[in-house]
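Note: the block below is structure_30.csv and it holds CSV, C-alpha atoms (C1' of nucleotides).
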chain,number,residue,atom,x,y,z
F,1309,MET,CA,69.6,91.8,46.1
F,1310,ASP,CA,70.5,92.1,42.4
F,1311,LYS,CA,67.6,91.2,40.1
F,1312,SER,CA,69.6,89.1,37.7
F,1313,LEU,CA,71.1,87.2,40.6
F,1314,LEU,CA,67.6,86.5,41.9
F,1315,GLU,CA,66.6,85.3,38.5
F,1316,LEU,CA,69.6,83.0,38.3
F,1317,ILE,CA,68.7,81.5,41.7
F,1318,THR,CA,65.1,81.1,40.7
F,1319,SER,CA,66.0,79.2,37.6
F,1320,GLU,CA,68.5,77.0,39.4
F,1321,LEU,CA,65.9,76.2,41.9
F,1322,HIS,CA,63.3,75.4,39.3
F,1323,LYS,CA,65.8,73.2,37.5
F,1324,ARG,CA,65.8,71.0,40.6
F,1325,ASN,CA,62.0,71.1,41.1
F,1326,MET,CA,62.5,73.6,44.0
F,1327,ARG,CA,60.7,76.7,44.8
F,1328,LEU,CA,61.6,80.3,45.6
F,1329,THR,CA,59.7,80.7,48.8
F,1330,MET,CA,59.5,83.8,51.0
F,1331,PRO,CA,61.7,82.5,53.8
F,1332,ARG,CA,64.4,81.4,51.3
F,1333,ARG,CA,64.3,84.8,49.6
F,1334,ARG,CA,64.6,86.8,52.8
F,1335,ILE,CA,67.3,84.6,54.2
F,1336,MET,CA,69.3,84.8,51.0
F,1337,GLU,CA,69.0,88.6,51.1
F,1338,ILE,CA,70.3,88.8,54.6
F,1339,PHE,CA,73.1,86.4,53.7
F,1340,ALA,CA,74.1,88.1,50.5
F,1341,LEU,CA,74.0,91.6,51.9
F,1342,SER,CA,75.8,90.8,55.1
F,1343,GLY,CA,79.2,90.9,53.5
F,1344,ARG,CA,80.7,88.6,56.1
F,1345,LEU,CA,81.2,85.0,57.0
F,1346,GLN,CA,78.1,83.6,58.7
F,1347,THR,CA,77.4,80.6,60.7
F,1348,ALA,CA,73.9,79.0,60.5
F,1349,GLN,CA,73.2,80.4,63.9
F,1350,ASP,CA,74.3,83.9,62.8
F,1351,LEU,CA,71.8,83.8,60.0
F,1352,TYR,CA,69.1,82.4,62.2
F,1353,LEU,CA,69.6,85.2,64.7
F,1354,SER,CA,69.8,87.9,62.0
F,1355,ALA,CA,66.5,86.6,60.5
F,1356,LYS,CA,64.8,86.6,63.9
F,1357,LYS,CA,66.1,90.2,64.5
F,1358,GLU,CA,64.5,91.3,61.3
F,1359,GLY,CA,61.2,89.8,62.3
F,1360,LEU,CA,61.4,86.8,60.0
F,1361,PRO,CA,59.8,83.8,61.8
F,1362,VAL,CA,62.1,81.2,60.5
F,1363,GLY,CA,63.4,77.9,61.8
F,1364,LEU,CA,67.1,76.8,62.0
F,1365,THR,CA,66.2,73.8,59.9
F,1366,THR,CA,65.2,76.1,57.0
F,1367,ILE,CA,68.5,77.9,57.3
F,1368,TYR,CA,70.5,74.6,57.1
F,1369,ARG,CA,68.4,73.4,54.2
F,1370,LEU,CA,68.9,76.6,52.3
F,1371,LEU,CA,72.6,76.7,52.9
F,1372,GLY,CA,72.8,73.1,51.6
F,1373,ILE,CA,71.1,74.1,48.4
F,1374,LEU,CA,73.2,77.2,47.9
F,1375,THR,CA,76.3,75.3,48.4
F,1376,GLU,CA,75.2,72.7,45.8
F,1377,ILE,CA,74.3,75.4,43.3
F,1378,GLY,CA,77.7,77.1,43.9
F,1379,LEU,CA,76.3,80.2,45.5
F,1380,ALA,CA,77.8,79.5,48.9
F,1381,ARG,CA,81.1,78.2,50.1
F,1382,THR,CA,82.0,76.6,53.4
F,1383,TYR,CA,84.9,77.4,55.6
F,1384,LEU,CA,86.0,75.8,58.9
F,1385,LEU,CA,87.6,78.6,60.9
F,1386,ASN,CA,88.4,78.3,64.6
F,1387,GLY,CA,86.3,75.1,64.7
F,1388,GLU,CA,83.2,76.9,63.4
F,1389,THR,CA,81.5,76.2,60.1
F,1390,LYS,CA,81.1,79.5,58.3
F,1391,TYR,CA,79.4,80.2,55.0
F,1392,ILE,CA,80.2,82.8,52.4
F,1393,PHE,CA,77.7,83.9,49.8
F,1394,CYS,CA,79.3,83.6,46.4
F,1395,SER,CA,78.7,85.3,43.1
F,1396,PRO,CA,78.2,83.0,40.2
F,1397,GLN,CA,81.3,84.2,38.4
F,1398,HIS,CA,84.8,83.0,39.1
F,1399,HIS,CA,86.3,85.0,41.9
F,1400,HIS,CA,88.7,85.0,44.8
F,1401,HIS,CA,88.1,86.1,48.4
F,1402,LEU,CA,89.7,88.7,50.6
F,1403,ILE,CA,88.8,87.6,54.1
F,1404,CYS,CA,89.4,89.6,57.3
F,1405,THR,CA,90.6,87.3,60.0
F,1406,ARG,CA,89.6,89.9,62.6
F,1407,CYS,CA,85.9,90.6,61.9
F,1408,GLY,CA,84.9,88.1,59.3
F,1409,MET,CA,84.2,90.6,56.6
F,1410,TYR,CA,85.0,89.4,53.1
F,1411,ARG,CA,85.2,90.9,49.6
F,1412,GLU,CA,85.2,89.2,46.2
F,1413,ILE,CA,87.8,90.1,43.5
F,1414,PHE,CA,87.0,89.1,40.0
F,1415,GLU,CA,90.4,89.3,38.4
F,1416,CYS,CA,92.0,85.9,38.4
F,1417,LEU,CA,95.4,86.0,40.0
F,1418,VAL,CA,96.4,82.4,39.5
F,1419,LEU,CA,99.1,81.5,37.0
F,1420,PRO,CA,98.6,78.4,34.9
F,1421,MET,CA,99.7,75.2,36.6
F,1422,GLU,CA,101.8,72.8,34.5
F,1423,THR,CA,101.5,69.2,35.4
F,1424,THR,CA,101.0,66.2,33.3
F,1425,ASP,CA,99.6,63.9,36.0
F,1426,PHE,CA,96.9,66.0,37.4
F,1427,GLN,CA,93.9,67.5,35.6
F,1428,PRO,CA,92.8,70.6,37.4
F,1429,GLU,CA,89.1,71.3,37.1
F,1430,SER,CA,88.8,74.3,39.4
F,1431,HIS,CA,90.7,76.3,42.0
F,1432,HIS,CA,90.0,78.3,45.1
F,1433,LEU,CA,92.2,81.2,46.1
F,1434,ASP,CA,91.6,83.1,49.4
F,1435,PHE,CA,93.6,85.9,50.9
F,1436,PHE,CA,93.5,86.2,54.6
F,1437,GLY,CA,94.4,89.5,56.3
F,1438,VAL,CA,93.1,92.7,57.9
F,1439,CYS,CA,90.4,94.9,56.4
F,1440,TYR,CA,90.5,98.6,56.4
F,1441,ASN,CA,88.2,99.0,59.3
F,1442,CYS,CA,90.0,96.6,61.5
F,1443,ALA,CA,93.4,98.2,60.6
F,1444,GLU,CA,92.0,101.6,61.6
F,1445,LYS,CA,90.8,100.2,64.9
F,1446,CYS,CA,94.2,98.8,65.7
F,1447,LYS,CA,95.8,102.2,65.1
F,1448,THR,CA,93.5,104.1,67.4
F,1449,ALA,CA,93.3,101.4,70.1
F,1450,PRO,CA,96.6,99.4,70.1
F,1451,LYS,CA,96.4,96.3,72.3
F,1452,GLY,CA,98.6,96.0,75.4
I,739,MET,CA,108.8,60.7,58.3
I,740,ASP,CA,111.6,63.2,57.4
I,741,LYS,CA,114.0,63.7,60.3
I,742,SER,CA,114.2,67.5,60.0
I,743,LEU,CA,110.4,67.7,60.0
I,744,LEU,CA,110.3,65.6,63.1
I,745,GLU,CA,112.8,68.0,64.7
I,746,LEU,CA,110.7,70.9,63.8
I,747,ILE,CA,107.6,69.3,65.2
I,748,THR,CA,109.4,68.4,68.4
I,749,SER,CA,110.6,72.0,68.9
I,750,GLU,CA,107.2,73.4,68.2
I,751,LEU,CA,105.7,71.1,70.8
I,752,HIS,CA,108.4,72.0,73.3
I,753,LYS,CA,107.8,75.7,72.7
I,754,ARG,CA,104.3,75.0,74.0
I,755,ASN,CA,105.3,72.8,76.9
I,756,MET,CA,104.1,69.8,75.0
I,757,ARG,CA,105.7,66.4,74.5
I,758,LEU,CA,106.4,64.2,71.5
I,759,THR,CA,104.8,61.0,72.8
I,760,MET,CA,104.8,57.7,71.1
I,761,PRO,CA,101.1,57.8,70.0
I,762,ARG,CA,101.6,61.4,68.6
I,763,ARG,CA,104.6,60.3,66.7
I,764,ARG,CA,102.9,57.2,65.2
I,765,ILE,CA,99.7,59.0,64.3
I,766,MET,CA,101.6,61.9,62.6
I,767,GLU,CA,103.6,59.3,60.6
I,768,ILE,CA,100.4,57.6,59.4
I,769,PHE,CA,98.9,61.0,58.6
I,770,ALA,CA,101.9,62.5,56.8
I,771,LEU,CA,102.6,59.4,54.8
I,772,SER,CA,99.0,58.8,53.8
I,773,GLY,CA,99.1,61.4,51.1
I,774,ARG,CA,95.4,62.0,51.2
I,775,LEU,CA,92.7,63.8,53.0
I,776,GLN,CA,91.8,62.2,56.3
I,777,THR,CA,88.9,62.4,58.7
I,778,ALA,CA,89.6,61.8,62.4
I,779,GLN,CA,87.9,58.5,62.0
I,780,ASP,CA,90.1,57.5,59.1
I,781,LEU,CA,93.2,58.1,61.1
I,782,TYR,CA,91.7,56.3,64.1
I,783,LEU,CA,91.0,53.3,62.0
I,784,SER,CA,94.4,53.3,60.2
I,785,ALA,CA,96.1,53.5,63.6
I,786,LYS,CA,94.1,50.6,64.9
I,787,LYS,CA,94.9,48.6,61.8
I,788,GLU,CA,98.6,49.1,62.4
I,789,GLY,CA,98.1,47.8,65.9
I,790,LEU,CA,98.4,51.2,67.6
I,791,PRO,CA,96.1,51.1,70.7
I,792,VAL,CA,95.0,54.7,70.4
I,793,GLY,CA,91.8,56.6,71.3
I,794,LEU,CA,89.8,58.9,69.1
I,795,THR,CA,90.3,61.6,71.6
I,796,THR,CA,94.0,61.5,71.1
I,797,ILE,CA,93.6,61.9,67.4
I,798,TYR,CA,91.4,64.9,67.8
I,799,ARG,CA,93.8,66.5,70.2
I,800,LEU,CA,96.7,65.9,67.9
I,801,LEU,CA,94.9,67.3,64.9
I,802,GLY,CA,94.1,70.4,66.9
I,803,ILE,CA,97.7,70.9,67.8
I,804,LEU,CA,98.9,70.3,64.3
I,805,THR,CA,96.4,72.8,62.9
I,806,GLU,CA,97.5,75.4,65.4
I,807,ILE,CA,101.2,74.9,64.5
I,808,GLY,CA,100.3,75.1,60.9
I,809,LEU,CA,101.1,71.5,60.0
I,810,ALA,CA,97.6,70.6,59.2
I,811,ARG,CA,94.7,72.2,57.4
I,812,THR,CA,91.0,71.6,57.6
I,813,TYR,CA,88.6,71.2,54.7
I,814,LEU,CA,84.9,70.7,54.8
I,815,LEU,CA,84.1,68.5,51.8
I,816,ASN,CA,80.7,66.9,51.3
I,817,GLY,CA,79.8,67.7,54.8
I,818,GLU,CA,82.9,65.9,56.2
I,819,THR,CA,85.7,67.5,58.1
I,820,LYS,CA,88.9,66.4,56.4
I,821,TYR,CA,92.5,67.1,57.4
I,822,ILE,CA,95.6,67.5,55.2
I,823,PHE,CA,99.1,67.2,56.6
I,824,CYS,CA,101.0,70.3,55.6
I,825,SER,CA,104.7,71.0,55.0
I,826,PRO,CA,106.0,74.0,56.9
I,827,GLN,CA,107.0,75.8,53.7
I,828,HIS,CA,104.5,77.9,51.7
I,829,HIS,CA,102.7,75.7,49.2
I,830,HIS,CA,99.6,75.0,47.3
I,831,HIS,CA,97.5,71.8,47.0
I,832,LEU,CA,96.4,69.7,44.2
I,833,ILE,CA,93.5,67.7,45.5
I,834,CYS,CA,91.8,64.8,43.7
I,835,THR,CA,88.1,65.1,44.1
I,836,ARG,CA,87.6,61.5,43.3
I,837,CYS,CA,89.9,59.7,45.7
I,838,GLY,CA,91.0,62.3,48.2
I,839,MET,CA,94.7,62.1,47.2
I,840,TYR,CA,96.6,65.4,47.4
I,841,ARG,CA,100.0,66.8,46.4
I,842,GLU,CA,101.8,69.9,47.5
I,843,ILE,CA,103.4,72.2,45.0
I,844,PHE,CA,106.0,74.6,46.3
I,845,GLU,CA,106.1,77.1,43.4
I,846,CYS,CA,103.8,80.0,44.3
I,847,LEU,CA,101.4,80.6,41.4
I,848,VAL,CA,99.7,83.7,42.9
I,849,LEU,CA,100.2,87.1,41.4
I,850,PRO,CA,100.5,90.1,43.7
I,851,MET,CA,97.2,91.5,44.8
I,852,GLU,CA,96.9,95.3,44.6
I,853,THR,CA,94.5,96.8,47.1
I,854,THR,CA,94.9,99.8,49.4
I,855,ASP,CA,92.2,98.9,51.9
I,856,PHE,CA,93.1,95.3,52.7
I,857,GLN,CA,96.3,94.0,54.2
I,858,PRO,CA,96.9,90.4,53.0
I,859,GLU,CA,98.8,88.3,55.6
I,860,SER,CA,98.5,84.9,53.9
I,861,HIS,CA,96.8,83.1,51.1
I,862,HIS,CA,95.6,79.6,50.3
I,863,LEU,CA,95.4,78.3,46.8
I,864,ASP,CA,94.0,74.8,46.1
I,865,PHE,CA,93.5,73.1,42.8
I,866,PHE,CA,90.7,70.6,42.6
I,867,GLY,CA,90.7,68.0,39.9
I,868,VAL,CA,91.5,64.4,38.9
I,869,CYS,CA,94.7,62.7,39.7
I,870,TYR,CA,96.5,60.4,37.3
I,871,ASN,CA,95.3,57.2,38.9
I,872,CYS,CA,91.7,58.2,38.8
I,873,ALA,CA,92.0,59.5,35.3
I,874,GLU,CA,93.4,56.1,34.2
I,875,LYS,CA,90.6,54.3,36.0
I,876,CYS,CA,88.0,56.4,34.1
I,877,LYS,CA,89.6,55.5,30.7
I,878,THR,CA,89.5,51.7,31.3
I,879,ALA,CA,86.1,51.7,33.1
I,880,PRO,CA,84.0,54.5,31.7
I,881,LYS,CA,80.7,54.9,33.6
I,882,GLY,CA,77.4,54.3,32.0
N,1014,DT,C1',45.5,71.2,43.0
N,1015,DT,C1',49.4,69.1,44.7
N,1016,DA,C1',54.3,68.5,45.1
N,1017,DT,C1',57.3,71.1,47.7
N,1018,DC,C1',58.4,73.6,51.8
N,1019,DT,C1',58.3,74.8,56.8
N,1020,DG,C1',59.1,74.5,61.7
N,1021,DC,C1',58.9,71.8,65.6
N,1022,DA,C1',60.6,68.1,68.4
N,1023,DA,C1',63.4,64.3,68.5
N,1024,DA,C1',67.4,61.7,66.9
N,1025,DA,C1',71.9,61.4,65.2
N,1026,DG,C1',76.6,61.8,65.3
N,1027,DG,C1',80.9,64.3,65.4
N,1028,DT,C1',83.8,66.6,68.9
N,1029,DT,C1',85.0,68.0,73.5
N,1030,DT,C1',85.6,67.5,78.5
N,1031,DG,C1',86.5,65.4,83.2
N,1032,DC,C1',89.2,62.3,85.4
N,1033,DA,C1',92.3,58.7,87.2
N,1034,DA,C1',96.2,56.2,85.5
N,1035,DC,C1',100.3,56.6,82.8
N,1036,DT,C1',104.7,58.5,80.8
N,1037,DG,C1',108.3,61.6,78.5
N,1038,DA,C1',111.9,64.8,79.7
O,19,DT,C1',110.0,63.6,89.7
O,20,DC,C1',106.0,65.6,88.0
O,21,DA,C1',103.8,68.3,84.4
O,22,DG,C1',101.9,66.8,80.5
O,23,DT,C1',99.3,62.9,78.1
O,24,DT,C1',96.2,59.1,77.5
O,25,DG,C1',91.7,56.8,76.9
O,26,DC,C1',87.4,55.9,78.6
O,27,DA,C1',82.7,57.5,79.4
O,28,DA,C1',79.8,61.1,79.5
O,29,DA,C1',78.5,65.6,78.1
O,30,DC,C1',77.9,68.8,74.5
O,31,DC,C1',76.2,70.9,70.5
O,32,DT,C1',75.7,71.3,65.7
O,33,DT,C1',73.3,69.2,62.0
O,34,DT,C1',69.8,66.0,60.2
O,35,DT,C1',65.3,63.7,60.1
O,36,DG,C1',60.3,62.6,60.6
O,37,DC,C1',56.0,64.5,60.2
O,38,DA,C1',51.7,67.3,60.0
O,39,DG,C1',50.2,71.7,58.5
O,40,DA,C1',51.3,75.6,55.1
O,41,DT,C1',52.3,77.3,50.5
O,42,DA,C1',54.3,78.3,45.6
O,43,DA,C1',53.4,77.4,40.9
Have the structure of the file written as structure tokens, please.
Amino acid sequence: MDKSLLELITSELHKRNMRLTMPRRRIMEIFALSGRLQTAQDLYLSAKKEGLPVGLTTIYRLLGILTEIGLARTYLLNGETKYIFCSPQHHHHLICTRCGMYREIFECLVLPMETTDFQPESHHLDFFGVCYNCAEKCKTAPKG
Amino acid sequence: MDKSLLELITSELHKRNMRLTMPRRRIMEIFALSGRLQTAQDLYLSAKKEGLPVGLTTIYRLLGILTEIGLARTYLLNGETKYIFCSPQHHHHLICTRCGMYREIFECLVLPMETTDFQPESHHLDFFGVCYNCAEKCKTAPKG
DNA sequence: TTATCTGCAAAAGGTTTGCAACTGA
DNA sequence: TCAGTTGCAAACCTTTTGCAGATAA
């Protein structure tokens, strides 16, 4: 994981009297490097698979913290709660509805909104579609 | 509730061998006219308050159907699952983070996204902020 | 050194399911 | 008429909480 990102996380944690522990660091790395939507269970199993002796509780607590800091976002897809690791900068998401992969784009594609009776404070834009890999798979193995 | 919307819903239900029952109709009206994010519980209580003898199960089942048809969308806010009633046309949402009120805007404010290795199929854009009423309240009763 | 964190087990609470009676088309 | 719907109660399962031992700063 990027060093400046780790420093940001550390400082955000310390601001809140929290600590950068080994389990937190390892789980965040797994999360950030996965590049796809993750459930708490997914992360738990990935951590186990990498030999990290972690509890589900710790995963939930970390996801709560990251969400609060703004480094994770929650989606409810197909009845499942999924988490995306988020860069600190403003960005949009391209999300593959087939495999759960996502990508961040940092160019803001939102036109200014003109209203007098609503004060916008932030916005979220997500594109849902098919990633390159899944599109290729469809070509070689068409369903039916 | 708008007549053409009701017809659309009816036809969507019939397409799936489903029926427009009295409870469904009443719950949808409450939902659509509320103009704010609703939990299943919220709708259940509103229905009860209006003298509709409905079960929570029916609410959940209806919300599932509406979501599938595209007439509802799910948000996970502050750990609560909230539902928005959605018009059939493409639209964005203005959501008040203070009171849960929302509004649809039908002008698409999203610039075309240029990528070769992702096929976008749809997008969701939500603006979060403060609605007129809440802004007024803040002026007259500043916190602190 | 000590406030914070961890993981287990247990509790909580939202959501789904099975089923017998009911109802829209 | 009868396939689909309803609401209750129970089951399910994800998420949270309490707590004693471990650990970052």
Non-local contacts of Asp864 in chain I (7 Å; all atoms listed in the file; under 5 positions in same chain excluded) as a ChimeraX atom specification: /F:1431-1433 /I:830-832
Enumerate, in order of chain and increasing residue number, the residues of chain O with an atom no farther than 12 Å from chain I, each with its shortest atom pair and distance in Å to one decimal, counting all atoms listed in the file, as a Markdown table.
| residue | atom | partner | partner_atom | distance |
| --- | --- | --- | --- | --- |
| O:DA21 | C1' | I:Asn755 | CA | 8.9 |
| O:DG22 | C1' | I:Met756 | CA | 6.6 |
| O:DT23 | C1' | I:Thr759 | CA | 7.9 |
| O:DT24 | C1' | I:Thr796 | CA | 7.2 |
| O:DG25 | C1' | I:Gly793 | CA | 5.6 |
| O:DC26 | C1' | I:Gly793 | CA | 8.6 |
| O:DA27 | C1' | I:Thr795 | CA | 11.6 |
| O:DT33 | C1' | I:Gly817 | CA | 9.8 |
| O:DT34 | C1' | I:Gly817 | CA | 11.5 |
Out of I:Glu874, I:Glu859, I:Glu750, I:Asp780, which residue has the shortest atom-to-atom distance to chain F when counting only C-alpha atoms?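 Ranking I:Glu874, I:Glu859, I:Glu750, I:Asp780 by distance to chain F, first place goes to I:Glu859.
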Would you give me, as a short mmCIF file (atom, residue, chain, number, x, y, z; two decimals) with C-alpha atoms, in the frame of the given file, the residues of chain I that come within 8 Å of chain F, using all atoms listed in the file?
data_model
loop_
_atom_site.label_atom_id
_atom_site.label_comp_id
_atom_site.auth_asym_id
_atom_site.auth_seq_id
_atom_site.Cartn_x
_atom_site.Cartn_y
_atom_site.Cartn_z
CA THR I 812 91.00 71.60 57.60
CA TYR I 813 88.60 71.20 54.70
CA LEU I 814 84.90 70.70 54.80
CA LEU I 832 96.40 69.70 44.20
CA LEU I 847 101.40 80.60 41.40
CA VAL I 848 99.70 83.70 42.90
CA LEU I 849 100.20 87.10 41.40
CA PRO I 850 100.50 90.10 43.70
CA MET I 851 97.20 91.50 44.80
CA ASP I 855 92.20 98.90 51.90
CA PHE I 856 93.10 95.30 52.70
CA GLN I 857 96.30 94.00 54.20
CA PRO I 858 96.90 90.40 53.00
CA GLU I 859 98.80 88.30 55.60
CA SER I 860 98.50 84.90 53.90
CA HIS I 861 96.80 83.10 51.10
CA HIS I 862 95.60 79.60 50.30
CA LEU I 863 95.40 78.30 46.80
CA ASP I 864 94.00 74.80 46.10
CA PHE I 865 93.50 73.10 42.80
CA PHE I 866 90.70 70.60 42.60
CA GLY I 867 90.70 68.00 39.90
CA VAL I 868 91.50 64.40 38.90
CA CYS I 869 94.70 62.70 39.70
CA TYR I 870 96.50 60.40 37.30
#
Point-to-point distance from CA of Arg1344 in chain F to C1' of DT32 in chain O, Å rounded to tenths: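 About the pair CA of Arg1344 in chain F and C1' of DT32 in chain O: they are 20.4 Å apart.
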Using all atoms listed in the file and a cutoff of 9 Å, can you tell me which residues are near (77.9, 66.0, 70.6) in the file's coordinates, and write them out as a PDB file with C-alpha atoms (C1' of nucleotides), in the coordinates of the input?
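Contents of the output file point_39.pdb:
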ATOM      1  C1'  DG N1026      76.600  61.800  65.300  1.00  0.00           C
ATOM      2  C1'  DG N1027      80.900  64.300  65.400  1.00  0.00           C
ATOM      3  C1'  DT N1028      83.800  66.600  68.900  1.00  0.00           C
ATOM      4  C1'  DT N1029      85.000  68.000  73.500  1.00  0.00           C
TER       5       DT N1029
ATOM      6  C1'  DA O  29      78.500  65.600  78.100  1.00  0.00           C
ATOM      7  C1'  DC O  30      77.900  68.800  74.500  1.00  0.00           C
ATOM      8  C1'  DC O  31      76.200  70.900  70.500  1.00  0.00           C
ATOM      9  C1'  DT O  32      75.700  71.300  65.700  1.00  0.00           C
TER      10       DT O  32
END
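C1' of DA40 in chain O sits 7.2 Å away from C1' of DT1019 in chain N.
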Could you jot down the CA of Tyr1410 in chain F to CA of Phe1393 in chain F separation for me, Å, one decimal place?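 According to the coordinates, CA of Tyr1410 in chain F and CA of Phe1393 in chain F are separated by 9.7 Å.
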Which residues of chain N come within 10 Å of chain F, and for each one, what is the closest pair of atoms and their distance in Å to one decimal, counting only C-alpha atoms (C1' of nucleotides), sorted by chain and residue number, as a Markdown table?
| residue | atom | partner | partner_atom | distance |
| --- | --- | --- | --- | --- |
| N:DA1016 | C1' | F:Asn1325 | CA | 9.1 |
| N:DT1017 | C1' | F:Met1326 | CA | 6.9 |
| N:DC1018 | C1' | F:Thr1329 | CA | 7.8 |
| N:DT1019 | C1' | F:Thr1366 | CA | 7.0 |
| N:DG1020 | C1' | F:Gly1363 | CA | 5.5 |
| N:DC1021 | C1' | F:Gly1363 | CA | 8.5 |
| N:DT1028 | C1' | F:Gly1387 | CA | 9.8 |
When distances are computed from only C-alpha atoms (C1' of nucleotides), which of N:DT1014, N:DC1032, N:DA1038, N:DA1022 shows the smallest separation from DA28 in chain O?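 Closest to DA28 in chain O of all the choices is N:DC1032.
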